[in-house]
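Engineer: Structure below; questions to follow.
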Amino acid sequence: MSEYIPINSDKAPLVSIIVPCYNEQATIRLLLEAIHSQTTPRQALEVVIADGMSTDGTREEILAFMVSHPDLEVRVVDNLAGTIPAGLNRAIEEAEGTYIVRLDAHSKPYPDYVERCLSDLEAGRGDNVGGVWEIQPADNGWQARSIAVAAAHPLGVGDARYRIGGEAQAVDTVPFGSFAQTLVVRIGAFDESLLSNEDYEFNARVRESGGVVWMNPAIKTVYFARRTLGALARQYWRYGYWKLRMLRRYPDTFRWRQLAGAFVLSFLILGLLGIWFPLARWLLGLELSLYVLILLIAGIHRAYQEKDLALSFGVPLAIATMHISWGMAFLWSLVSFVYRR
């Protein structure tokens, strides 16, 4: 069922902004207001939100925005599967624009976000164009502040350009990409069998088809990181578990930043061998000591830069949570796969 307030226009929109969401009452209004403030004319835009049957008042927030902003076309479609890739596909099926811009309910794009995406697409710089995240804490608590820093730190996310920035360039993936509707016709929609890594898998098919994934650091969106270490652990568990399926399908997409699984495995193996061999206990102690030291140095460095003492211990905890959660989930996924075989 769709909730729809039409605009008096006989023309199809130029851009369809698609948003999967579930229980995003706290942030969905921020996203919609940011879309309403885009430099691209509103009559050229439509917003299609695929809601995974929210229970927290998200739909009421959307409807209130629609009533108070009738100059922006907004539709809500049901995502009965409740997953992100399914939501993206339901929104794409409803989209009428020449171009698709994928956003997230945790995001707040800069006012020129759509304009810059269209500029690069029409200039032929990439088949899927995206930018960088400006990661901000979900609240002012020490956990949220630490997670926001860790989520953009090379120790936490490696060389992921959309998190750490860099020159405009072809990359392996971008978040919240923008692309022509014809790209979906050519390579297919998002893979609904993946409950995570759906953007990465889509971009792997873009590159496999001979296309270019383009990152322009001038295209910016604020992204609100997770609020607590528990929520961060659940997020990275999902990332790690589904990454194995991605690597089985596209082994050439492996990146050094994904060695967290081997890292966690080394702890487990040395811990097990340490029951019988003193050398293994010594190596485990050395590895753990070096790991903790490196994380503490990173935390103290960022605490000094930001003048925030809590980051000295919060950033190491957040990065360790990311590594261990991702690594354990990756290993569990591997064990489950081997067992099933």
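Ordering of the structure tokens sets the chain letters (A, B, ...), residue numbers begin anew at 1 in every chain, and ligands are numbered from 1 in the order given.
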Give the strand (DSSP E or B) residues of region 89-137 of chain A, as assigned by DSSP on the backbone, as a list of chain:residue names.

Structural biologist: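 Output for region 89-137 of chain A, strand (DSSP E or B) only: A:Tyr99, A:Ile100, A:Val101, A:Arg102, A:Ser107, A:Lys108, A:Pro109, A:Asn128, A:Val129, A:Gly130, A:Gly131, A:Val132, A:Trp133, A:Glu134, A:Ile135, A:Gln136.
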
Engineer: Hey, can you spit out that residue selection with N, CA, C and O atoms as a PDB file, in the first residue's frame?

Structural biologist:
```
ATOM      1  N   TYR A  99      17.169   9.040 -13.333  1.00  0.00           N
ATOM      2  CA  TYR A  99      18.296   8.687 -12.475  1.00  0.00           C
ATOM      3  C   TYR A  99      17.789   8.241 -11.104  1.00  0.00           C
ATOM      4  O   TYR A  99      16.749   8.708 -10.625  1.00  0.00           O
ATOM      5  N   ILE A 100      18.560   7.357 -10.486  1.00  0.00           N
ATOM      6  CA  ILE A 100      18.292   6.874  -9.133  1.00  0.00           C
ATOM      7  C   ILE A 100      19.388   7.404  -8.208  1.00  0.00           C
ATOM      8  O   ILE A 100      20.574   7.325  -8.533  1.00  0.00           O
ATOM      9  N   VAL A 101      18.993   7.944  -7.073  1.00  0.00           N
ATOM     10  CA  VAL A 101      19.945   8.314  -6.019  1.00  0.00           C
ATOM     11  C   VAL A 101      19.545   7.539  -4.779  1.00  0.00           C
ATOM     12  O   VAL A 101      18.431   7.704  -4.274  1.00  0.00           O
ATOM     13  N   ARG A 102      20.448   6.690  -4.286  1.00  0.00           N
ATOM     14  CA  ARG A 102      20.149   5.848  -3.130  1.00  0.00           C
ATOM     15  C   ARG A 102      20.668   6.540  -1.863  1.00  0.00           C
ATOM     16  O   ARG A 102      21.838   6.912  -1.773  1.00  0.00           O
ATOM     17  N   SER A 107      21.196   9.134   7.118  1.00  0.00           N
ATOM     18  CA  SER A 107      22.054  10.095   6.432  1.00  0.00           C
ATOM     19  C   SER A 107      21.383  11.457   6.301  1.00  0.00           C
ATOM     20  O   SER A 107      20.160  11.590   6.425  1.00  0.00           O
ATOM     21  N   LYS A 108      22.224  12.455   6.009  1.00  0.00           N
ATOM     22  CA  LYS A 108      21.742  13.818   5.801  1.00  0.00           C
ATOM     23  C   LYS A 108      22.614  14.432   4.702  1.00  0.00           C
ATOM     24  O   LYS A 108      23.679  14.976   4.982  1.00  0.00           O
ATOM     25  N   PRO A 109      22.182  14.336   3.435  1.00  0.00           N
ATOM     26  CA  PRO A 109      23.026  14.817   2.342  1.00  0.00           C
ATOM     27  C   PRO A 109      23.199  16.337   2.353  1.00  0.00           C
ATOM     28  O   PRO A 109      22.293  17.067   2.758  1.00  0.00           O
ATOM     29  N   ASN A 128      28.237   4.477 -11.640  1.00  0.00           N
ATOM     30  CA  ASN A 128      27.665   4.637 -10.303  1.00  0.00           C
ATOM     31  C   ASN A 128      28.524   5.652  -9.576  1.00  0.00           C
ATOM     32  O   ASN A 128      29.731   5.451  -9.404  1.00  0.00           O
ATOM     33  N   VAL A 129      27.930   6.756  -9.203  1.00  0.00           N
ATOM     34  CA  VAL A 129      28.677   7.883  -8.637  1.00  0.00           C
ATOM     35  C   VAL A 129      28.263   8.088  -7.186  1.00  0.00           C
ATOM     36  O   VAL A 129      27.078   8.078  -6.858  1.00  0.00           O
ATOM     37  N   GLY A 130      29.250   8.270  -6.328  1.00  0.00           N
ATOM     38  CA  GLY A 130      28.978   8.543  -4.927  1.00  0.00           C
ATOM     39  C   GLY A 130      30.047   9.449  -4.350  1.00  0.00           C
ATOM     40  O   GLY A 130      30.958   9.892  -5.059  1.00  0.00           O
ATOM     41  N   GLY A 131      29.943   9.682  -3.067  1.00  0.00           N
ATOM     42  CA  GLY A 131      30.884  10.592  -2.426  1.00  0.00           C
ATOM     43  C   GLY A 131      31.421  10.044  -1.129  1.00  0.00           C
ATOM     44  O   GLY A 131      31.669   8.846  -1.007  1.00  0.00           O
ATOM     45  N   VAL A 132      31.580  10.928  -0.159  1.00  0.00           N
ATOM     46  CA  VAL A 132      32.187  10.553   1.115  1.00  0.00           C
ATOM     47  C   VAL A 132      31.200  10.788   2.248  1.00  0.00           C
ATOM     48  O   VAL A 132      30.295  11.615   2.156  1.00  0.00           O
ATOM     49  N   TRP A 133      31.417  10.015   3.303  1.00  0.00           N
ATOM     50  CA  TRP A 133      30.647  10.200   4.526  1.00  0.00           C
ATOM     51  C   TRP A 133      31.355  11.204   5.430  1.00  0.00           C
ATOM     52  O   TRP A 133      32.566  11.130   5.637  1.00  0.00           O
ATOM     53  N   GLU A 134      30.582  12.118   5.977  1.00  0.00           N
ATOM     54  CA  GLU A 134      31.048  12.936   7.094  1.00  0.00           C
ATOM     55  C   GLU A 134      30.388  12.326   8.329  1.00  0.00           C
ATOM     56  O   GLU A 134      29.219  12.573   8.613  1.00  0.00           O
ATOM     57  N   ILE A 135      31.146  11.485   9.024  1.00  0.00           N
ATOM     58  CA  ILE A 135      30.541  10.674  10.079  1.00  0.00           C
ATOM     59  C   ILE A 135      30.407  11.485  11.366  1.00  0.00           C
ATOM     60  O   ILE A 135      31.369  12.084  11.847  1.00  0.00           O
ATOM     61  N   GLN A 136      29.203  11.499  11.909  1.00  0.00           N
ATOM     62  CA  GLN A 136      28.917  12.218  13.140  1.00  0.00           C
ATOM     63  C   GLN A 136      28.309  11.273  14.165  1.00  0.00           C
ATOM     64  O   GLN A 136      27.686  10.268  13.806  1.00  0.00           O
TER      65      GLN A 136
END
```

Engineer: Find the spatial neighbours of Leu296 (chain A), counting only C-alpha atoms, within a cut-off of 8 Å - ignore same-chain residues fewer than 6 positions away - and output them as a short mmCIF file (atom, residue, chain, number, x, y, z; two decimals) with N, CA and C atoms, in the first residue's frame.

Structural biologist:
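Dumped to result15.cif:
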```cif
data_model
loop_
_atom_site.label_atom_id
_atom_site.label_comp_id
_atom_site.auth_asym_id
_atom_site.auth_seq_id
_atom_site.Cartn_x
_atom_site.Cartn_y
_atom_site.Cartn_z
N SER A 312 40.35 8.56 24.36
CA SER A 312 41.60 7.82 24.60
C SER A 312 41.32 6.35 24.91
N PHE A 313 40.19 6.07 25.54
CA PHE A 313 39.83 4.66 25.77
C PHE A 313 38.64 4.24 24.90
N PRO A 316 39.84 3.01 21.13
CA PRO A 316 40.33 1.62 21.14
C PRO A 316 39.22 0.59 21.33
#
```

Engineer: Which residue gives the smallest distance to Asp252 (chain A) among A:Asp172, A:Asp51, A:Asp71, A:Glu306, with only C-alpha atoms counted?

Structural biologist: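 Once distances to Asp252 (chain A) are computed over only C-alpha atoms, the minimum belongs to A:Asp172.
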
Engineer: Need to verify the contact set: Leu72 (chain A), 7 Å, only C-alpha atoms, exclusion of same-chain residues closer than 2 positions in sequence. Can you return it as a PyMOL selection string?

Structural biologist: chain A and resi 36+42+46+69-70+74

Engineer: Identify, on the basis of only C-alpha atoms, every residue whose closest approach to region 83-91 of chain A does not exceed 12 Å; exclude the query and any residue fewer than 2 positions from it along the same chain; express the result as a ChimeraX atom specification.

Structural biologist: /A:1-2,16-22,46-54,74-81,93-97,100-105,176-177,181,184,188-202

Engineer: Work out how far apart CA of Gly299 (chain A) and CA of Leu311 (chain A) are and give it in Å to one decimal.

Structural biologist: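 Here the two named atoms are 5.7 Å from each other.
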
Engineer: Residues at most 10 Å from Ala168 (chain A), counting only C-alpha atoms, excluding those fewer than 3 positions away in the same chain, as a PyMOL selection string?

Structural biologist: chain A and resi 125+131+161+165+171+214-219

Engineer: Write out as a ChimeraX atom specification each polymer residue whose atoms come within 12 Å of Trp142 (chain A), counting only C-alpha atoms; drop sequence neighbours fewer than 5 positions from it.

Structural biologist: /A:137,147-149,226-229,303,308-315,317-318

Engineer: For Ala320 (chain A), find every residue with an atom within 12 Å (counting only C-alpha atoms), except residues of its own chain fewer than 6 positions away, and show them as a compact mmCIF listing (two decimals) with N, CA, C and O atoms, in the first residue's frame.

Structural biologist:
```txt
# COMPACT_ATOMS: atom_id res chain seq x y z
N SER A 146 33.00 8.14 20.36
CA SER A 146 34.13 7.26 20.05
C SER A 146 33.86 6.44 18.78
O SER A 146 34.75 6.24 17.95
N ILE A 147 32.64 5.96 18.64
CA ILE A 147 32.28 5.15 17.47
C ILE A 147 32.38 5.99 16.20
O ILE A 147 32.86 5.51 15.16
N ALA A 150 36.05 6.18 15.34
CA ALA A 150 36.55 4.87 14.90
C ALA A 150 36.06 4.52 13.50
O ALA A 150 36.76 3.89 12.71
N ALA A 151 34.82 4.92 13.18
CA ALA A 151 34.22 4.58 11.90
C ALA A 151 34.86 5.31 10.73
O ALA A 151 34.57 4.99 9.57
N LEU A 155 42.59 2.48 11.03
CA LEU A 155 42.70 1.22 11.77
C LEU A 155 41.37 0.50 11.85
O LEU A 155 41.33 -0.73 11.96
N GLY A 156 40.29 1.25 11.78
CA GLY A 156 38.97 0.63 11.87
C GLY A 156 38.42 0.22 10.52
O GLY A 156 37.78 -0.83 10.39
N VAL A 157 38.67 1.04 9.48
CA VAL A 157 38.02 0.79 8.18
C VAL A 157 39.02 0.66 7.04
O VAL A 157 38.62 0.55 5.88
N LEU A 229 28.24 0.61 21.73
CA LEU A 229 29.15 -0.46 21.31
C LEU A 229 28.37 -1.73 20.98
O LEU A 229 28.76 -2.48 20.08
N LEU A 232 27.05 -1.28 17.54
CA LEU A 232 28.19 -1.38 16.61
C LEU A 232 28.58 -2.84 16.40
O LEU A 232 28.86 -3.26 15.27
N ALA A 233 28.60 -3.62 17.47
CA ALA A 233 28.95 -5.04 17.36
C ALA A 233 27.96 -5.78 16.48
O ALA A 233 28.35 -6.60 15.64
N TYR A 236 28.62 -4.84 12.77
CA TYR A 236 29.81 -5.44 12.17
C TYR A 236 29.72 -6.97 12.14
O TYR A 236 30.36 -7.61 11.31
N ALA A 260 40.55 -9.10 9.24
CA ALA A 260 40.15 -9.23 10.65
C ALA A 260 39.82 -10.67 11.00
O ALA A 260 40.07 -11.12 12.13
N PHE A 263 42.99 -12.35 11.74
CA PHE A 263 43.51 -11.77 12.97
C PHE A 263 42.86 -12.43 14.19
O PHE A 263 43.54 -12.86 15.12
N VAL A 264 41.54 -12.52 14.17
CA VAL A 264 40.82 -13.16 15.28
C VAL A 264 41.17 -14.64 15.35
O VAL A 264 41.35 -15.20 16.44
N LEU A 288 48.76 -9.73 21.59
CA LEU A 288 47.75 -8.94 22.29
C LEU A 288 48.33 -7.62 22.79
O LEU A 288 47.68 -6.57 22.70
N TYR A 291 48.76 -5.25 19.89
CA TYR A 291 47.44 -4.81 19.43
C TYR A 291 46.88 -3.72 20.35
O TYR A 291 46.44 -2.66 19.89
N VAL A 292 46.91 -4.00 21.65
CA VAL A 292 46.39 -3.03 22.61
C VAL A 292 47.19 -1.74 22.57
O VAL A 292 46.63 -0.63 22.60
N LEU A 293 48.53 -1.85 22.45
CA LEU A 293 49.38 -0.66 22.40
C LEU A 293 49.05 0.21 21.20
O LEU A 293 48.92 1.44 21.32
N ILE A 294 48.90 -0.42 20.04
CA ILE A 294 48.59 0.34 18.82
C ILE A 294 47.25 1.05 18.94
O ILE A 294 47.11 2.22 18.59
N LEU A 295 46.26 0.35 19.48
CA LEU A 295 44.94 0.96 19.65
C LEU A 295 44.98 2.11 20.66
O LEU A 295 44.33 3.15 20.46
N LEU A 296 45.73 1.93 21.73
CA LEU A 296 45.83 3.00 22.73
C LEU A 296 46.51 4.25 22.16
O LEU A 296 46.08 5.38 22.42
N ALA A 298 46.48 5.14 19.04
CA ALA A 298 45.49 5.76 18.15
C ALA A 298 44.45 6.54 18.95
O ALA A 298 44.08 7.66 18.58
N GLY A 299 43.99 5.96 20.05
CA GLY A 299 42.99 6.63 20.87
C GLY A 299 43.52 7.90 21.51
O GLY A 299 42.85 8.94 21.51
N PHE A 313 40.19 6.07 25.54
CA PHE A 313 39.83 4.66 25.77
C PHE A 313 38.64 4.24 24.90
O PHE A 313 38.48 3.07 24.56
N GLY A 314 37.78 5.20 24.52
CA GLY A 314 36.60 4.87 23.73
C GLY A 314 36.93 4.44 22.31
O GLY A 314 36.34 3.48 21.79
N TRP A 326 33.46 -8.35 13.46
CA TRP A 326 33.56 -8.70 12.03
C TRP A 326 34.29 -10.02 11.86
O TRP A 326 33.84 -10.91 11.12
N GLY A 327 35.42 -10.17 12.56
CA GLY A 327 36.24 -11.37 12.42
C GLY A 327 35.54 -12.62 12.91
O GLY A 327 35.57 -13.66 12.24
N MET A 328 34.88 -12.54 14.07
CA MET A 328 34.17 -13.71 14.59
C MET A 328 33.02 -14.11 13.67
O MET A 328 32.78 -15.30 13.43
```

Engineer: Could you find all residues in region 167-318 of chain A that DSSP calls helix (DSSP H, G or I) from the backbone, and write them as JSON, numbers by chain?

Structural biologist: {"A": [181, 182, 183, 184, 185, 186, 187, 198, 199, 200, 201, 202, 203, 204, 205, 206, 207, 208, 229, 230, 231, 232, 233, 234, 235, 236, 237, 238, 239, 240, 241, 242, 243, 244, 245, 246, 247, 248, 249, 251, 252, 253, 256, 257, 258, 260, 261, 262, 263, 264, 265, 266, 267, 268, 269, 270, 271, 272, 273, 278, 279, 280, 281, 282, 283, 284, 285, 286, 287, 288, 289, 290, 291, 292, 293, 294, 295, 296, 297, 298, 299, 300, 301, 302, 303, 304, 305, 306, 311, 312, 313, 314, 315, 316, 317, 318]}

Engineer: Please compute the CA of Thr55 (chain A)-CA of Arg234 (chain A) distance, one decimal, in Å.

Structural biologist: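 About the pair CA of Thr55 (chain A) and CA of Arg234 (chain A): they are 20.1 Å apart.
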
Engineer: Can you work out the spacing between CA of Thr58 (chain A) and CA of Val174 (chain A) in Å, to one decimal?

Structural biologist: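 Atom-to-atom, CA of Thr58 (chain A) and CA of Val174 (chain A) are spaced 26.5 Å apart.
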